[in-house]
file upload_16.cif (mmCIF, C-alpha atoms, pLDDT in the B column; chains and numbers go by the auth columns)
data_coords
#
loop_
_atom_site.group_PDB
_atom_site.id
_atom_site.type_symbol
_atom_site.label_atom_id
_atom_site.label_comp_id
_atom_site.label_asym_id
_atom_site.label_seq_id
_atom_site.Cartn_x
_atom_site.Cartn_y
_atom_site.Cartn_z
_atom_site.B_iso_or_equiv
_atom_site.auth_seq_id
_atom_site.auth_asym_id
ATOM 1 C CA MET A 1 0.000 0.000 0.000 45.00 88 Z
ATOM 2 C CA LYS A 2 2.761 2.448 0.918 44.00 89 Z
ATOM 3 C CA ARG A 3 4.528 1.646 -2.336 46.00 90 Z
ATOM 4 C CA LEU A 4 1.366 2.287 -4.346 48.00 91 Z
ATOM 5 C CA LEU A 5 0.727 5.624 -2.654 45.00 92 Z
ATOM 6 C CA CYS A 6 4.370 6.685 -2.935 44.00 93 Z
ATOM 7 C CA CYS A 7 4.431 5.887 -6.658 48.00 94 Z
ATOM 8 C CA ALA A 8 1.123 7.671 -7.161 50.00 95 Z
ATOM 9 C CA MET A 9 2.399 10.802 -5.435 47.00 96 Z
ATOM 10 C CA LEU A 10 5.652 10.827 -7.395 44.00 97 Z
ATOM 11 C CA LEU A 11 3.999 10.248 -10.739 51.00 98 Z
ATOM 12 C CA SER A 12 1.211 12.667 -9.932 49.00 99 Z
ATOM 13 C CA SER A 13 3.755 15.411 -9.471 46.00 100 Z
ATOM 14 C CA MET A 14 5.222 14.531 -12.870 46.00 101 Z
ATOM 15 C CA LEU A 15 1.777 14.728 -14.467 45.00 102 Z
ATOM 16 C CA PHE A 16 1.054 18.091 -12.869 42.00 103 Z
ATOM 17 C CA VAL A 17 3.504 19.770 -15.213 43.00 104 Z
ATOM 18 C CA ALA A 18 2.760 17.383 -18.055 47.00 105 Z
ATOM 19 C CA CYS A 19 0.733 19.283 -20.602 56.00 106 Z
ATOM 20 C CA GLY A 20 2.025 22.031 -22.799 48.00 107 Z
ATOM 21 C CA PRO A 21 1.703 25.813 -22.713 50.00 108 Z
ATOM 22 C CA HIS A 22 -1.625 26.005 -24.534 58.00 109 Z
ATOM 23 C CA PHE A 23 -5.060 25.072 -23.223 64.00 110 Z
ATOM 24 C CA ASP A 24 -6.904 22.424 -25.176 69.00 111 Z
ATOM 25 C CA GLN A 25 -10.435 21.638 -24.007 88.00 112 Z
ATOM 26 C CA LYS A 26 -10.586 18.467 -26.075 91.00 113 Z
ATOM 27 C CA SER A 27 -7.432 17.084 -24.405 91.00 114 Z
ATOM 28 C CA ALA A 28 -8.903 17.892 -20.991 93.00 115 Z
ATOM 29 C CA ASP A 29 -12.128 16.155 -22.053 95.00 116 Z
ATOM 30 C CA HIS A 30 -10.196 13.058 -23.139 96.00 117 Z
ATOM 31 C CA PHE A 31 -8.474 12.851 -19.745 97.00 118 Z
ATOM 32 C CA THR A 32 -11.826 13.320 -17.977 96.00 119 Z
ATOM 33 C CA GLU A 33 -13.527 10.594 -20.033 98.00 120 Z
ATOM 34 C CA LEU A 34 -10.604 8.203 -19.543 98.00 121 Z
ATOM 35 C CA LYS A 35 -10.680 8.817 -15.805 98.00 122 Z
ATOM 36 C CA ALA A 36 -14.385 7.938 -15.659 98.00 123 Z
ATOM 37 C CA TYR A 37 -13.839 4.813 -17.752 98.00 124 Z
ATOM 38 C CA HIS A 38 -10.827 3.608 -15.762 98.00 125 Z
ATOM 39 C CA ILE A 39 -12.467 4.111 -12.364 98.00 126 Z
ATOM 40 C CA ASP A 40 -15.644 2.409 -13.587 98.00 127 Z
ATOM 41 C CA PHE A 41 -13.449 -0.424 -14.907 98.00 128 Z
ATOM 42 C CA VAL A 42 -11.953 -0.929 -11.436 97.00 129 Z
ATOM 43 C CA ASP A 43 -15.455 -0.897 -9.925 95.00 130 Z
ATOM 44 C CA ARG A 44 -16.735 -3.475 -12.437 95.00 131 Z
ATOM 45 C CA PHE A 45 -13.839 -5.797 -11.680 97.00 132 Z
ATOM 46 C CA THR A 46 -13.928 -5.614 -7.894 96.00 133 Z
ATOM 47 C CA GLY A 47 -14.848 -8.916 -6.280 92.00 134 Z
ATOM 48 C CA ASP A 48 -16.398 -7.996 -2.949 82.00 135 Z
ATOM 49 C CA THR A 49 -19.559 -6.902 -4.749 72.00 136 Z
ATOM 50 C CA GLY A 50 -20.948 -10.360 -5.536 80.00 137 Z
ATOM 51 C CA ARG A 51 -19.420 -10.418 -9.006 87.00 138 Z
ATOM 52 C CA THR A 52 -17.307 -13.275 -10.303 92.00 139 Z
ATOM 53 C CA TYR A 53 -14.350 -13.293 -12.681 95.00 140 Z
ATOM 54 C CA ASP A 54 -15.473 -13.295 -16.328 96.00 141 Z
ATOM 55 C CA GLU A 55 -12.675 -13.492 -18.900 97.00 142 Z
ATOM 56 C CA THR A 56 -14.952 -12.443 -21.767 97.00 143 Z
ATOM 57 C CA ALA A 57 -16.209 -9.342 -19.949 97.00 144 Z
ATOM 58 C CA LEU A 58 -12.661 -8.438 -18.923 98.00 145 Z
ATOM 59 C CA LYS A 59 -11.338 -8.819 -22.465 98.00 146 Z
ATOM 60 C CA SER A 60 -14.157 -6.691 -23.837 98.00 147 Z
ATOM 61 C CA ALA A 61 -13.611 -3.954 -21.231 98.00 148 Z
ATOM 62 C CA CYS A 62 -9.851 -3.943 -21.871 98.00 149 Z
ATOM 63 C CA VAL A 63 -10.334 -3.674 -25.637 98.00 150 Z
ATOM 64 C CA LEU A 64 -12.861 -0.863 -25.261 98.00 151 Z
ATOM 65 C CA GLY A 65 -10.558 0.987 -22.863 98.00 152 Z
ATOM 66 C CA ALA A 66 -7.623 0.580 -25.256 98.00 153 Z
ATOM 67 C CA LEU A 67 -9.736 2.057 -28.055 98.00 154 Z
ATOM 68 C CA GLU A 68 -10.565 5.084 -25.891 98.00 155 Z
ATOM 69 C CA PHE A 69 -6.871 5.607 -25.142 98.00 156 Z
ATOM 70 C CA ASP A 70 -6.097 5.215 -28.865 98.00 157 Z
ATOM 71 C CA LYS A 71 -8.623 7.953 -29.741 97.00 158 Z
ATOM 72 C CA ALA A 72 -7.112 10.303 -27.190 97.00 159 Z
ATOM 73 C CA GLN A 73 -3.611 9.514 -28.429 97.00 160 Z
ATOM 74 C CA ALA A 74 -4.550 10.118 -32.057 97.00 161 Z
ATOM 75 C CA TYR A 75 -6.014 13.490 -31.155 95.00 162 Z
ATOM 76 C CA MET A 76 -3.019 14.564 -29.067 94.00 163 Z
ATOM 77 C CA GLU A 77 -0.643 13.431 -31.808 95.00 164 Z
ATOM 78 C CA SER A 78 -2.597 15.460 -34.370 94.00 165 Z
ATOM 79 C CA GLU A 79 -2.191 18.491 -32.107 90.00 166 Z
ATOM 80 C CA GLY A 80 1.524 17.819 -31.627 89.00 167 Z
ATOM 81 C CA ASP A 81 1.028 17.856 -27.861 84.00 168 Z
ATOM 82 C CA LYS A 82 4.087 15.883 -26.752 88.00 169 Z
ATOM 83 C CA GLU A 83 3.735 16.728 -23.066 86.00 170 Z
ATOM 84 C CA CYS A 84 0.126 15.540 -22.863 90.00 171 Z
ATOM 85 C CA LEU A 85 1.152 12.431 -24.777 94.00 172 Z
ATOM 86 C CA LYS A 86 3.651 11.643 -22.001 94.00 173 Z
ATOM 87 C CA ALA A 87 0.917 11.915 -19.371 94.00 174 Z
ATOM 88 C CA LEU A 88 -1.422 9.839 -21.526 97.00 175 Z
ATOM 89 C CA ALA A 89 1.230 7.132 -21.984 97.00 176 Z
ATOM 90 C CA TYR A 90 1.652 6.840 -18.220 97.00 177 Z
ATOM 91 C CA LEU A 91 -2.107 6.608 -17.646 98.00 178 Z
ATOM 92 C CA ARG A 92 -2.412 4.061 -20.465 98.00 179 Z
ATOM 93 C CA GLU A 93 0.291 1.948 -18.838 98.00 180 Z
ATOM 94 C CA GLN A 94 -1.696 1.966 -15.596 98.00 181 Z
ATOM 95 C CA PHE A 95 -4.812 0.797 -17.448 98.00 182 Z
ATOM 96 C CA ASP A 96 -2.936 -1.881 -19.386 98.00 183 Z
ATOM 97 C CA GLU A 97 -1.316 -3.091 -16.162 98.00 184 Z
ATOM 98 C CA ASP A 98 -4.744 -3.450 -14.538 98.00 185 Z
ATOM 99 C CA CYS A 99 -5.862 -5.586 -17.485 98.00 186 Z
ATOM 100 C CA ARG A 100 -2.693 -7.716 -17.397 98.00 187 Z
ATOM 101 C CA PHE A 101 -2.932 -8.207 -13.643 97.00 188 Z
ATOM 102 C CA LEU A 102 -6.557 -9.340 -13.685 98.00 189 Z
ATOM 103 C CA ARG A 103 -5.873 -11.748 -16.548 97.00 190 Z
ATOM 104 C CA SER A 104 -2.821 -13.182 -14.801 97.00 191 Z
ATOM 105 C CA VAL A 105 -4.540 -13.897 -11.481 97.00 192 Z
ATOM 106 C CA GLU A 106 -7.961 -14.708 -12.974 96.00 193 Z
ATOM 107 C CA LYS A 107 -9.604 -13.035 -9.988 95.00 194 Z
ATOM 108 C CA LEU A 108 -11.164 -9.686 -9.310 97.00 195 Z
ATOM 109 C CA PHE A 109 -9.662 -6.832 -7.317 96.00 196 Z
ATOM 110 C CA SER A 110 -10.360 -6.917 -3.584 95.00 197 Z
ATOM 111 C CA LYS A 111 -12.541 -4.121 -2.215 94.00 198 Z
ATOM 112 C CA SER A 112 -9.719 -2.713 -0.081 94.00 199 Z
ATOM 113 C CA TYR A 113 -7.255 -2.683 -3.007 96.00 200 Z
ATOM 114 C CA SER A 114 -9.897 -1.227 -5.294 96.00 201 Z
ATOM 115 C CA ASP A 115 -10.588 1.668 -2.932 96.00 202 Z
ATOM 116 C CA GLU A 116 -6.894 2.542 -2.608 97.00 203 Z
ATOM 117 C CA HIS A 117 -6.257 2.070 -6.313 98.00 204 Z
ATOM 118 C CA LYS A 118 -9.150 4.330 -7.340 98.00 205 Z
ATOM 119 C CA THR A 119 -7.865 7.055 -5.030 97.00 206 Z
ATOM 120 C CA ALA A 120 -4.417 6.901 -6.637 97.00 207 Z
ATOM 121 C CA LEU A 121 -5.844 6.683 -10.162 97.00 208 Z
ATOM 122 C CA GLY A 122 -8.174 9.589 -9.551 96.00 209 Z
ATOM 123 C CA ALA A 123 -5.285 11.718 -8.329 95.00 210 Z
ATOM 124 C CA ASN A 124 -3.190 10.864 -11.393 96.00 211 Z
ATOM 125 C CA TYR A 125 -5.982 11.715 -13.822 97.00 212 Z
ATOM 126 C CA ASP A 126 -6.816 14.868 -11.836 95.00 213 Z
ATOM 127 C CA HIS A 127 -3.221 16.047 -12.152 93.00 214 Z
ATOM 128 C CA ALA A 128 -3.280 15.546 -15.921 93.00 215 Z
ATOM 129 C CA ILE A 129 -6.577 17.437 -16.138 92.00 216 Z
ATOM 130 C CA ALA A 130 -5.311 20.207 -13.839 90.00 217 Z
ATOM 131 C CA ALA A 131 -2.132 20.509 -15.897 87.00 218 Z
ATOM 132 C CA GLU A 132 -4.208 21.055 -19.019 84.00 219 Z
ATOM 133 C CA TYR A 133 -6.391 23.659 -17.316 81.00 220 Z
ATOM 134 C CA GLY A 134 -3.300 25.178 -15.701 76.00 221 Z
ATOM 135 C CA SER A 135 -1.979 26.075 -19.116 56.00 222 Z
ATOM 136 C CA VAL A 136 -4.721 28.718 -19.289 44.00 223 Z
ATOM 137 C CA GLY A 137 -2.933 30.757 -16.650 47.00 224 Z
ATOM 138 C CA ASP A 138 -4.806 32.566 -13.902 38.00 225 Z
ATOM 139 C CA ARG A 139 -8.503 31.893 -14.308 38.00 226 Z
ATOM 140 C CA GLU A 140 -11.152 34.056 -12.719 35.00 227 Z
#
call {"tool": "encode", "arguments": {"input": "upload_16.cif", "output": "structure tokens"}}
result
Amino acid sequence: MKRLLCCAMLLSSMLFVACGPHFDQKSADHFTELKAYHIDFVDRFTGDTGRTYDETALKSACVLGALEFDKAQAYMESEGDKECLKALAYLREQFDEDCRFLRSVEKLFSKSYSDEHKTALGANYDHAIAAEYGSVGDRE
């Protein structure tokens, strides 16, 4: 747990300065939508809720999530936003790792892990979103 929180804090600080000098609402929207999808993904694959492991559902959710990340990446590449692409790559790695982990253990996340993981994920996505909005400068 300490390791997870420590990594989340370190990487969150990296994401805070991640996006470039211009504000892009669509990039911020992509991060917001990915955050919602990823946190919902963790909820759907948490075991203490009466659910059972379902390989087909997991594969489908992982493929759909990958497509959402691909759309965001294509947009950010078209905008030449290298800094946001770095943040997106880190968040994508987190999502892909969740998929790999669940497939490897063929079990669902525990409720306690899920709660901690969603807190860390939320913070990471929030930093990417804040970095994009921060490029606006002082907002009133």
call {"tool": "closest_atom_pairs", "arguments": {"input": "upload_16.cif", "of": "segment 100-171 of chain Z", "to": "segment 175-190 of chain Z", "cutoff": "10 Å", "atoms": "only C-alpha atoms", "output": "CSV"}}
result
residue,atom,partner,partner_atom,distance
Z:Leu102,CA,Z:Tyr177,CA,8.7
Z:Ala105,CA,Z:Leu175,CA,9.3
Z:Cys106,CA,Z:Leu175,CA,9.7
Z:Ser114,CA,Z:Leu175,CA,9.8
Z:His117,CA,Z:Leu175,CA,9.5
Z:Phe118,CA,Z:Leu175,CA,7.9
Z:Leu121,CA,Z:Leu178,CA,8.9
Z:Lys122,CA,Z:Leu178,CA,9.0
Z:Tyr124,CA,Z:Phe182,CA,9.9
Z:His125,CA,Z:Phe182,CA,6.9
Z:Ile126,CA,Z:Phe182,CA,9.8
Z:Phe128,CA,Z:Phe182,CA,9.1
Z:Val129,CA,Z:Asp185,CA,8.2
Z:Phe132,CA,Z:Leu189,CA,8.3
Z:Tyr140,CA,Z:Leu189,CA,8.8
Z:Asp141,CA,Z:Arg190,CA,9.7
Z:Glu142,CA,Z:Arg190,CA,7.4
Z:Leu145,CA,Z:Cys186,CA,7.5
Z:Lys146,CA,Z:Cys186,CA,8.1
Z:Ala148,CA,Z:Cys186,CA,8.8
Z:Cys149,CA,Z:Cys186,CA,6.2
Z:Val150,CA,Z:Cys186,CA,9.5
Z:Gly152,CA,Z:Phe182,CA,7.9
Z:Ala153,CA,Z:Arg179,CA,7.9
Z:Glu155,CA,Z:Arg179,CA,9.8
Z:Phe156,CA,Z:Arg179,CA,6.6
Z:Asp157,CA,Z:Arg179,CA,9.2
Z:Ala159,CA,Z:Leu175,CA,8.0
Z:Gln160,CA,Z:Leu175,CA,7.2
Z:Met163,CA,Z:Leu175,CA,9.0
Z:Lys169,CA,Z:Leu175,CA,9.7
Z:Glu170,CA,Z:Leu175,CA,8.7
Z:Cys171,CA,Z:Leu175,CA,6.1
call {"tool": "atom_distance", "arguments": {"input": "upload_16.cif", "atom1": "atom CA of Asp127 of chain Z", "atom2": "atom CA of Ser191 of chain Z"}}
result
20.2 Å
call {"tool": "closest_residue", "arguments": {"input": "upload_16.cif", "among": "Z:Arg131, Z:Glu166, Z:Phe196, Z:Asn211", "to": "Gln112 of chain Z", "atoms": "all atoms listed in the file"}}
result
Z:Glu166
call {"tool": "atom_distance", "arguments": {"input": "upload_16.cif", "atom1": "atom CA of Ala161 of chain Z", "atom2": "atom CA of Lys173 of chain Z"}}
result
13.1 Å
call {"tool": "resolve_selection", "arguments": {"input": "upload_16.cif", "expression": "the PyMOL selection byres ((chain Z and resi 201) around 10)", "output": "MDAnalysis selection string"}}
result
chainID Z and resid 126 129:130 132:135 195:200 202:207
call {"tool": "closest_residue", "arguments": {"input": "upload_16.cif", "among": "Z:Ile216, Z:Ala123, Z:Thr136, Z:Leu172", "to": "Lys158 of chain Z", "atoms": "only C-alpha atoms"}}
result
Z:Leu172
call {"tool": "axis_aligned_box", "arguments": {"input": "upload_16.cif", "around": "segment 194-206 of chain Z", "padding_each_side": "5 Å", "output": "AutoDock Vina command-line options"}}
result
--center_x -9.4 --center_y -3.0 --center_z -5.0 --size_x 16.3 --size_y 30.1 --size_z 19.9
call {"tool": "closest_residue", "arguments": {"input": "upload_16.cif", "among": "Z:Lys113, Z:Arg138, Z:Thr119, Z:Ala144", "to": "Ser165 of chain Z", "atoms": "only C-alpha atoms"}}
result
Z:Lys113
call {"tool": "atom_distance", "arguments": {"input": "upload_16.cif", "atom1": "atom CA of Glu120 of chain Z", "atom2": "atom CA of Ala218 of chain Z"}}
result
15.7 Å
call {"tool": "closest_residue", "arguments": {"input": "upload_16.cif", "among": "Z:Glu193, Z:Tyr162, Z:Thr143, Z:Gly167", "to": "Asp116 of chain Z", "atoms": "only C-alpha atoms"}}
result
Z:Tyr162
